[in-house]
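Q: Next comes target.tsv, TSV, C-alpha atoms and all ligand atoms:
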```
chain	number	residue	atom	x	y	z
W	27	MET	CA	-14.97	7.82	39.82
W	28	MET	CA	-14.23	6.52	36.34
W	29	ARG	CA	-11.89	3.53	36.17
W	30	VAL	CA	-9.88	2.59	33.09
W	31	GLU	CA	-8.44	-0.89	32.57
W	32	ILE	CA	-6.33	-2.25	29.70
W	33	ASP	CA	-7.14	-5.79	28.57
W	34	PRO	CA	-4.14	-7.84	29.76
W	35	HIS	CA	-4.48	-10.19	26.75
W	36	SER	CA	-4.54	-7.46	24.07
W	37	GLY	CA	-1.43	-6.44	22.17
W	38	PHE	CA	0.60	-8.06	19.42
W	39	CYS	CA	0.32	-11.78	18.77
W	40	GLY	CA	3.47	-13.95	18.71
W	41	GLY	CA	3.85	-13.72	14.92
W	42	VAL	CA	3.79	-9.92	14.88
W	43	ILE	CA	6.12	-9.62	17.90
W	44	ARG	CA	8.62	-11.82	16.09
W	45	ALA	CA	8.43	-9.84	12.81
W	46	ILE	CA	8.78	-6.47	14.53
W	47	GLY	CA	11.62	-7.74	16.74
W	48	THR	CA	13.50	-8.91	13.65
W	49	ALA	CA	12.86	-5.59	11.89
W	50	GLU	CA	14.13	-3.65	14.90
W	51	GLN	CA	17.29	-5.76	15.05
W	52	HIS	CA	18.05	-4.92	11.42
W	53	LEU	CA	17.13	-1.26	11.77
W	54	GLY	CA	19.36	-1.04	14.84
W	55	LYS	CA	22.36	-1.82	12.61
W	56	GLY	CA	21.57	1.27	10.51
W	57	GLY	CA	20.65	1.35	6.83
W	58	ARG	CA	17.45	0.54	5.06
W	59	LEU	CA	15.13	-2.39	5.50
W	60	TYR	CA	12.46	-3.07	2.90
W	61	SER	CA	9.22	-4.65	4.02
W	62	LEU	CA	6.89	-6.26	1.53
W	63	GLY	CA	3.52	-4.87	2.63
W	64	ALA	CA	2.83	-3.21	5.97
W	65	ILE	CA	4.66	-5.19	8.66
W	66	VAL	CA	1.70	-4.59	10.96
W	67	HIS	CA	-1.78	-3.22	10.15
W	68	ASN	CA	-1.37	-0.30	12.48
W	69	GLU	CA	-0.55	3.17	11.16
W	70	GLU	CA	0.91	4.40	14.46
W	71	GLU	CA	3.36	1.53	14.85
W	72	LEU	CA	4.27	1.67	11.15
W	73	SER	CA	5.19	5.37	11.37
W	74	ARG	CA	7.40	4.61	14.37
W	75	LEU	CA	9.31	1.95	12.39
W	76	GLU	CA	9.42	3.98	9.16
W	77	ALA	CA	11.06	6.83	11.06
W	78	ARG	CA	13.84	4.34	11.89
W	79	GLY	CA	14.45	3.34	8.25
W	80	LEU	CA	11.76	0.82	7.33
W	81	VAL	CA	10.62	1.20	3.71
W	82	THR	CA	7.31	-0.43	2.85
W	83	ILE	CA	6.86	-1.58	-0.76
W	84	ASP	CA	4.08	-3.65	-2.31
W	85	THR	CA	3.99	-6.57	-4.74
W	86	GLU	CA	3.28	-4.13	-7.59
W	87	ASP	CA	6.60	-2.35	-6.82
W	88	LEU	CA	8.32	-5.74	-6.78
W	89	ARG	CA	6.86	-6.61	-10.17
W	90	GLU	CA	7.89	-3.29	-11.72
W	91	MET	CA	11.42	-3.06	-10.29
W	92	ARG	CA	13.98	-3.48	-12.99
W	93	ASP	CA	17.41	-3.27	-11.39
W	94	GLY	CA	19.03	-5.55	-8.91
W	95	VAL	CA	19.03	-4.30	-5.34
W	96	ASP	CA	22.40	-5.77	-4.51
W	97	GLY	CA	21.70	-7.88	-1.45
W	98	GLU	CA	19.45	-5.33	0.28
W	99	PRO	CA	17.27	-6.93	2.97
W	100	LEU	CA	13.58	-7.54	2.22
W	101	LEU	CA	11.38	-8.64	5.08
W	102	ILE	CA	8.47	-10.99	4.46
W	103	ARG	CA	5.92	-10.25	7.18
W	104	ALA	CA	4.03	-12.67	9.44
W	105	HIS	CA	1.20	-13.20	6.89
W	106	GLY	CA	3.55	-15.00	4.49
W	107	GLU	CA	3.63	-14.85	0.68
W	108	PRO	CA	3.05	-17.21	-2.25
W	109	PRO	CA	6.11	-18.98	-3.74
W	110	GLN	CA	6.33	-16.71	-6.81
W	111	VAL	CA	6.96	-13.66	-4.60
W	112	TYR	CA	10.05	-15.31	-3.08
W	113	ALA	CA	11.24	-16.22	-6.56
W	114	ARG	CA	10.79	-12.64	-7.79
W	115	ALA	CA	12.53	-11.13	-4.73
W	116	ARG	CA	15.54	-13.42	-5.21
W	117	GLU	CA	15.62	-12.71	-8.95
W	118	LEU	CA	15.92	-9.00	-8.16
W	119	GLY	CA	18.80	-9.68	-5.77
W	120	PHE	CA	17.04	-9.04	-2.45
W	121	ARG	CA	18.29	-10.84	0.64
W	122	VAL	CA	15.01	-12.29	1.95
W	123	ILE	CA	14.38	-12.15	5.70
W	124	ASP	CA	11.47	-14.50	6.16
W	125	CYS	CA	9.28	-13.54	9.13
W	126	THR	CA	6.31	-15.68	8.12
W	127	CYS	CA	4.70	-16.76	11.39
W	128	PRO	CA	5.45	-20.45	12.14
W	129	VAL	CA	1.70	-21.05	12.50
W	130	VAL	CA	1.10	-19.68	8.99
W	131	LEU	CA	4.06	-21.67	7.63
W	132	ALA	CA	2.54	-24.87	9.02
W	133	LEU	CA	-0.80	-24.00	7.42
W	134	GLN	CA	0.89	-23.30	4.07
W	135	ARG	CA	2.49	-26.75	4.26
W	136	GLU	CA	-0.85	-28.41	5.09
W	137	ILE	CA	-2.48	-26.72	2.09
W	138	ARG	CA	0.32	-27.93	-0.20
W	139	GLU	CA	-0.23	-31.47	1.11
W	140	ALA	CA	-4.02	-31.21	0.75
W	141	HIS	CA	-3.51	-30.06	-2.85
W	142	ARG	CA	-1.45	-33.18	-3.54
W	143	ARG	CA	-4.15	-35.37	-1.94
W	144	MET	CA	-7.06	-33.72	-3.75
W	145	ALA	CA	-5.60	-33.70	-7.27
W	146	PRO	CA	-5.88	-37.46	-8.01
W	147	VAL	CA	-9.44	-37.72	-6.60
W	148	GLU	CA	-10.59	-34.48	-8.29
W	149	GLY	CA	-11.36	-33.08	-4.86
W	150	GLN	CA	-11.19	-29.44	-3.82
W	151	ILE	CA	-9.80	-27.15	-1.14
W	152	VAL	CA	-12.05	-24.55	0.49
W	153	LEU	CA	-10.61	-21.72	2.56
W	154	PHE	CA	-12.71	-19.64	4.95
W	155	GLY	CA	-10.95	-16.29	4.75
W	156	LYS	CA	-11.02	-12.73	3.56
W	157	ILE	CA	-10.77	-12.56	-0.24
W	158	GLY	CA	-7.63	-10.64	-1.25
W	159	HIS	CA	-6.11	-10.65	2.27
W	160	PRO	CA	-2.31	-11.11	2.08
W	161	GLU	CA	-2.32	-14.25	4.23
W	162	VAL	CA	-5.04	-15.71	1.99
W	163	LEU	CA	-3.04	-14.90	-1.17
W	164	GLY	CA	-0.04	-16.66	0.39
W	165	LEU	CA	-2.14	-19.71	1.26
W	166	VAL	CA	-3.89	-19.92	-2.11
W	167	GLY	CA	-0.48	-19.68	-3.79
W	168	GLN	CA	0.57	-22.95	-2.14
W	169	ALA	CA	-2.03	-24.79	-4.24
W	170	GLU	CA	-1.33	-22.95	-7.50
W	171	GLY	CA	-4.47	-20.89	-6.99
W	172	ASP	CA	-6.65	-23.99	-6.86
W	173	VAL	CA	-8.54	-22.96	-3.72
W	174	THR	CA	-12.11	-21.67	-3.34
W	175	VAL	CA	-12.11	-18.81	-0.84
W	176	VAL	CA	-15.37	-17.95	0.95
W	177	GLU	CA	-15.93	-15.18	3.48
W	178	ASN	CA	-19.31	-16.38	4.77
W	179	VAL	CA	-22.09	-18.93	4.39
W	180	ASP	CA	-23.81	-16.87	1.65
W	181	GLN	CA	-20.73	-17.08	-0.56
W	182	LEU	CA	-20.41	-20.79	0.21
W	183	ARG	CA	-24.03	-21.35	-0.84
W	184	ASP	CA	-23.41	-19.40	-4.09
W	185	ARG	CA	-20.28	-21.42	-4.91
W	186	ILE	CA	-22.23	-24.67	-4.46
W	187	ALA	CA	-25.18	-23.34	-6.49
W	188	ASP	CA	-23.03	-22.16	-9.41
W	189	GLY	CA	-21.15	-25.48	-9.53
W	190	THR	CA	-17.75	-24.07	-8.48
W	191	LEU	CA	-17.85	-26.40	-5.49
W	192	ARG	CA	-18.65	-30.03	-6.17
W	193	THR	CA	-19.97	-31.56	-2.98
W	194	TYR	CA	-20.05	-35.02	-4.56
W	195	ARG	CA	-16.21	-34.92	-4.53
W	196	ASP	CA	-13.95	-34.86	-1.46
W	197	ILE	CA	-13.31	-31.45	0.07
W	198	GLU	CA	-10.65	-30.30	2.55
W	199	LEU	CA	-11.68	-27.23	4.51
W	200	PHE	CA	-9.28	-24.71	6.08
W	201	SER	CA	-9.60	-21.33	7.74
W	202	GLN	CA	-7.34	-18.28	7.57
W	203	THR	CA	-5.62	-18.05	10.98
W	204	THR	CA	-7.44	-14.93	12.17
W	205	MET	CA	-11.06	-15.78	11.33
W	206	SER	CA	-13.76	-16.03	13.96
W	207	PRO	CA	-14.24	-19.52	15.46
W	208	SER	CA	-18.04	-19.15	15.40
W	209	GLY	CA	-17.98	-18.13	11.70
W	210	TYR	CA	-15.83	-21.18	10.90
W	211	MET	CA	-18.25	-23.43	12.78
W	212	GLN	CA	-21.14	-22.14	10.62
W	213	ILE	CA	-19.15	-22.88	7.44
W	214	GLN	CA	-18.31	-26.39	8.66
W	215	GLN	CA	-21.94	-27.15	9.51
W	216	TYR	CA	-23.34	-25.75	6.26
W	217	LEU	CA	-20.84	-27.60	4.08
W	218	GLY	CA	-21.01	-30.81	6.14
W	219	ALA	CA	-24.79	-30.97	5.68
W	220	ARG	CA	-24.44	-30.62	1.88
W	221	MET	CA	-21.78	-33.23	1.17
W	222	ALA	CA	-23.27	-35.80	-1.18
W	223	GLY	CA	-21.54	-39.12	-0.56
W	224	ALA	CA	-18.02	-37.62	-0.51
W	225	GLU	CA	-15.73	-36.88	2.42
W	226	LEU	CA	-15.28	-33.48	4.12
W	227	THR	CA	-12.04	-33.08	6.08
W	228	VAL	CA	-12.05	-30.10	8.44
W	229	HIS	CA	-8.69	-28.65	9.52
W	230	ALA	CA	-8.52	-26.74	12.81
W	231	SER	CA	-6.43	-23.91	11.39
W	232	ILE	CA	-7.55	-20.86	13.37
W	233	CYS	CA	-4.57	-19.61	15.38
W	234	ARG	CA	-4.84	-20.64	19.05
W	235	GLN	CA	-3.93	-17.13	20.17
W	236	VAL	CA	-6.80	-15.74	18.10
W	237	ALA	CA	-9.28	-18.37	19.29
W	238	SER	CA	-8.51	-17.77	22.96
W	239	ARG	CA	-8.59	-14.02	22.44
W	240	HIS	CA	-12.15	-14.34	21.12
W	241	ARG	CA	-13.24	-15.99	24.37
W	242	GLU	CA	-11.34	-13.62	26.66
W	243	LEU	CA	-12.37	-10.50	24.80
W	244	SER	CA	-16.12	-11.20	25.07
W	245	GLU	CA	-15.72	-11.60	28.83
W	246	PHE	CA	-13.64	-8.43	29.03
W	247	ALA	CA	-16.26	-6.44	27.05
W	248	ARG	CA	-19.09	-7.73	29.26
W	249	ALA	CA	-17.19	-6.85	32.44
W	250	HIS	CA	-16.97	-3.13	31.52
W	251	ASP	CA	-19.53	-0.35	31.04
W	252	VAL	CA	-17.78	1.12	28.00
W	253	VAL	CA	-15.26	-0.52	25.66
W	254	VAL	CA	-12.72	1.39	23.60
W	255	PHE	CA	-11.36	-0.84	20.86
W	256	VAL	CA	-8.12	0.35	19.28
W	257	SER	CA	-6.96	-0.89	15.88
W	258	GLY	CA	-5.82	0.32	12.46
W	259	ARG	CA	-8.32	0.83	9.62
W	260	ASP	CA	-6.77	-2.00	7.56
W	261	SER	CA	-6.76	-4.64	10.26
W	262	SER	CA	-9.30	-7.31	9.34
W	263	ASN	CA	-8.65	-9.03	12.66
W	264	GLY	CA	-9.47	-5.66	14.28
W	265	LYS	CA	-12.85	-5.44	12.54
W	266	VAL	CA	-13.76	-8.99	13.60
W	267	LEU	CA	-12.68	-8.47	17.23
W	268	CYS	CA	-14.38	-5.08	17.48
W	269	GLU	CA	-17.66	-6.61	16.30
W	270	LEU	CA	-17.22	-9.33	18.89
W	271	CYS	CA	-16.90	-6.65	21.59
W	272	ARG	CA	-19.94	-4.82	20.25
W	273	GLY	CA	-21.93	-8.07	20.39
W	274	ALA	CA	-21.04	-8.36	24.09
W	275	ASN	CA	-21.27	-4.64	24.89
W	276	ILE	CA	-23.24	-2.16	22.79
W	277	ARG	CA	-21.20	0.76	24.19
W	278	THR	CA	-18.13	-0.24	22.16
W	279	TRP	CA	-16.19	2.49	20.30
W	280	HIS	CA	-13.63	1.79	17.59
W	281	ILE	CA	-10.71	4.21	17.28
W	282	GLY	CA	-7.28	4.27	15.64
W	283	SER	CA	-5.63	6.69	18.04
W	284	ALA	CA	-6.25	8.76	21.19
W	285	ALA	CA	-7.10	11.85	19.09
W	286	GLN	CA	-10.42	10.21	18.10
W	287	LEU	CA	-11.71	9.88	21.69
W	288	ARG	CA	-14.90	11.83	22.55
W	289	PRO	CA	-15.70	12.87	26.17
W	290	GLU	CA	-19.43	12.23	25.63
W	291	TRP	CA	-18.80	8.47	25.33
W	292	PHE	CA	-18.00	8.24	29.03
W	293	GLY	CA	-19.95	8.78	32.25
W	294	PRO	CA	-18.25	9.81	35.51
W	295	ASP	CA	-18.66	6.39	37.18
W	296	ASP	CA	-18.04	4.17	34.15
W	297	ARG	CA	-15.67	1.23	34.20
W	298	VAL	CA	-13.87	1.62	30.87
W	299	GLY	CA	-12.10	-1.28	29.14
W	300	VAL	CA	-9.38	-0.57	26.55
W	301	CYS	CA	-8.48	-3.40	24.19
W	302	GLY	CA	-7.22	-4.01	20.66
W	303	ALA	CA	-6.40	-6.39	17.81
W	304	THR	CA	-3.39	-8.68	17.30
W	305	SER	CA	-1.81	-5.75	15.42
W	306	THR	CA	-2.34	-3.09	18.12
W	307	PRO	CA	0.83	-2.22	20.06
W	308	LYS	CA	0.70	-2.16	23.87
W	309	TRP	CA	2.15	1.36	23.95
W	310	LEU	CA	-0.84	2.62	21.96
W	311	LEU	CA	-3.31	1.00	24.37
W	312	GLU	CA	-1.48	2.69	27.25
W	313	GLU	CA	-1.58	6.04	25.44
W	314	VAL	CA	-5.34	5.70	24.86
W	315	ALA	CA	-5.98	4.66	28.49
W	316	GLY	CA	-3.98	7.69	29.68
W	317	ALA	CA	-5.94	10.03	27.38
W	318	ILE	CA	-9.30	8.68	28.64
W	319	LYS	CA	-8.25	9.37	32.25
W	320	ASN	CA	-7.43	12.95	31.25
W	321	LEU	CA	-10.85	13.55	29.64
W	322	HIS	CA	-12.62	14.14	32.93
P	1	LIG	S1	-2.50	-14.39	14.56
P	1	LIG	FE1	-1.50	-16.30	15.09
P	1	LIG	S2	-0.99	-17.19	13.11
P	1	LIG	FE2	-1.43	-15.06	12.70
P	1	LIG	S3	0.55	-14.07	12.82
P	1	LIG	FE3	-0.35	-13.94	14.86
P	1	LIG	S4	0.47	-15.73	15.97
P	1	LIG	FE4	0.80	-16.06	13.77
```
Would you write the structure of this file as structure tokens?
Ligand code: SF4

A:
Amino acid sequence: MMRVEIDPHSGFCGGVIRAIGTAEQHLGKGGRLYSLGAIVHNEEELSRLEARGLVTIDTEDLREMRDGVDGEPLLIRAHGEPPQVYARARELGFRVIDCTCPVVLALQREIREAHRRMAPVEGQIVLFGKIGHPEVLGLVGQAEGDVTVVENVDQLRDRIADGTLRTYRDIELFSQTTMSPSGYMQIQQYLGARMAGAELTVHASICRQVASRHRELSEFARAHDVVVFVSGRDSSNGKVLCELCRGANIRTWHIGSAAQLRPEWFGPDDRVGVCGATSTPKWLLEEVAGAIKNLH
């Protein structure tokens, strides 16, 4: 008989739980709540909150808005934002509700401090992260844009080769909070081996919840015959974690909702594991697990 188990460690991370809890508190009072960018990279959860009065706008909207918004609440999500976004929101008259995750806030502060340290020695800051990701934009904004962002070792090699990165000057290295620990290790080793008489300072900036989820998820994927990974299309953390599962278990399927399940993925005696990203709500994992049980 097929068995279906939900990964007990999957579900929202602390930062997302906090942001959604705050949004729900405000929505519970009635009225509108603006969110700058999707509060969570999950279409299903977003629709649930939008039905309750959440209005998602983007930085382009913020730039183009002309009139004051008269103290309307604007939520800054867990990823955080660069300083100029706060300034613009206040200029328009928004009441800012800052839900930047405390872990991201601490990293933003560290990058500001590193920027102050690197300026007098003509050193540089390198960030291992996804180019254009909102958290990365918020982090880069702390150093007035003076950060070299690399997504992998190939890009790091190119930045050294084209002279963007000067390995004969001090470098402070950070990672976006949701990157893979093994990817960060490769970046550290590659850069460390190429420093030419200058100092490399490595900051352990991957979120602990993400790092431990990487370990637990590989074990979970290995312990099941089939893995169903649930996450939104835009979740970069979802893509990374799904690949991790696939590395541990080739029979890994990535879906956004129960409607995408296919009966042919499952055998009658399979042990099926259902898991997700830091942006996947528990209720959605339960819905998917229920739908798998009903397939046979
Ligand atoms: S992954 Fe970690 S750092 Fe990022 S929002 Fe969640 S708890 Fe905060």

Q: Would you mind telling me which residue in W:Gln168, W:Gln51, W:Gln134, W:Ser283 lies nearest to ligand LIG 1 (chain P) when using only C-alpha atoms and all ligand atoms?

A: W:Gln134

Q: Hey, which residues come within 10 Å of ligand LIG 1 (chain P) if we count only C-alpha atoms and all ligand atoms? Could you give them as a ChimeraX atom specification?

A: /W:38-45,66,103-106,125-133,161,202-205,231-237,239,263,303-305

Q: As a ChimeraX atom specification, please: the residues near segment 82-86 of chain W (cut-off 7 Å, only C-alpha atoms, same-chain neighbours under 4 positions excluded).

A: /W:60-64,90

Q: Considering all atoms listed in the file, state which residue in the set W:Thr306, W:Gly299, W:Arg288, W:Val152 is at the smallest distance from Val176 of chain W.

A: W:Val152

Q: For atom CA of Val122 of chain W and atom CA of Gly79 of chain W, quote the distance in Å rounded to one decimal.

A: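 Computing it gives 16.9 Å between the two atoms.
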
Q: Hey, which of W:Gln215, W:Val254, W:Ala222, W:Arg259 ends up closest to Ala317 of chain W? Count only C-alpha atoms.

A: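 Counting only C-alpha atoms, the residue closest to Ala317 of chain W is W:Val254.
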
Q: Please provide as a short mmCIF file (atom, residue, chain, number, x, y, z; two decimals) with C-alpha atoms, in the coordinates of the input all residues within 10 Å of Asp295 of chain W, with the sequence filter that same-chain residues fewer than 4 positions apart are discarded (counting only C-alpha atoms).

A:
```cif
data_model
loop_
_atom_site.label_atom_id
_atom_site.label_comp_id
_atom_site.auth_asym_id
_atom_site.auth_seq_id
_atom_site.Cartn_x
_atom_site.Cartn_y
_atom_site.Cartn_z
CA MET W 27 -14.97 7.82 39.82
CA MET W 28 -14.23 6.52 36.34
CA ARG W 29 -11.89 3.53 36.17
CA ASP W 251 -19.53 -0.35 31.04
#
```

Q: Name all residues at most 10 Å from Ile318 of chain W (count only C-alpha atoms; drop same-chain ones fewer than 4 positions away) and give them as an MDAnalysis selection string.

A: chainID W and resid 28:30 254 284 287:289 292 298 300 312:314 322

Q: One number please: atom CA of Lys308 of chain W to atom CA of Glu71 of chain W, in Å, one decimal.

A: 10.1 Å

Q: Could you check how far atom CA of Phe120 of chain W sits from atom CA of Leu100 of chain W, in Å to one decimal?

A: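 Interatomic distance, atom CA of Phe120 of chain W to atom CA of Leu100 of chain W: 6.0 Å.
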
Q: Counting only C-alpha atoms, which residue out of W:Ser73, W:Ser208, W:Gln286, W:Asn320 sits closest to Val179 of chain W?

A: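 Checking each of W:Ser73, W:Ser208, W:Gln286, W:Asn320 against Val179 of chain W, counting only C-alpha atoms, the winner is W:Ser208.
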
Q: When you count only C-alpha atoms, which of these residues is closest to Cys271 of chain W: W:Gly302, W:Gly171, W:Pro307, W:Gly293?

A: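 That would be W:Gly302, the residue with the smallest distance to Cys271 of chain W.
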
Q: Using all atoms listed in the file, find the one residue out of W:Asn178, W:Thr193, W:Ser201, W:Ser244 that sits nearest to Leu153 of chain W.

A: W:Ser201

Q: List the spatial neighbours of Cys268 of chain W as a ChimeraX atom specification - criterion: any atom at most 12 Å away, all atoms listed in the file, same-chain residues fewer than 2 positions off excluded.

A: /W:206,239-240,243-244,247,253-259,261-266,270-282,300-304

Q: Could you give me, as a PyMOL selection string, the residues that have an atom at most 10 Å away from the point (-10.1, -28.0, -3.8) in the coordinates of the file, using all atoms listed in the file?

A: chain W and resi 137+140-141+143-145+148-153+169+171-175+190-192+195-199
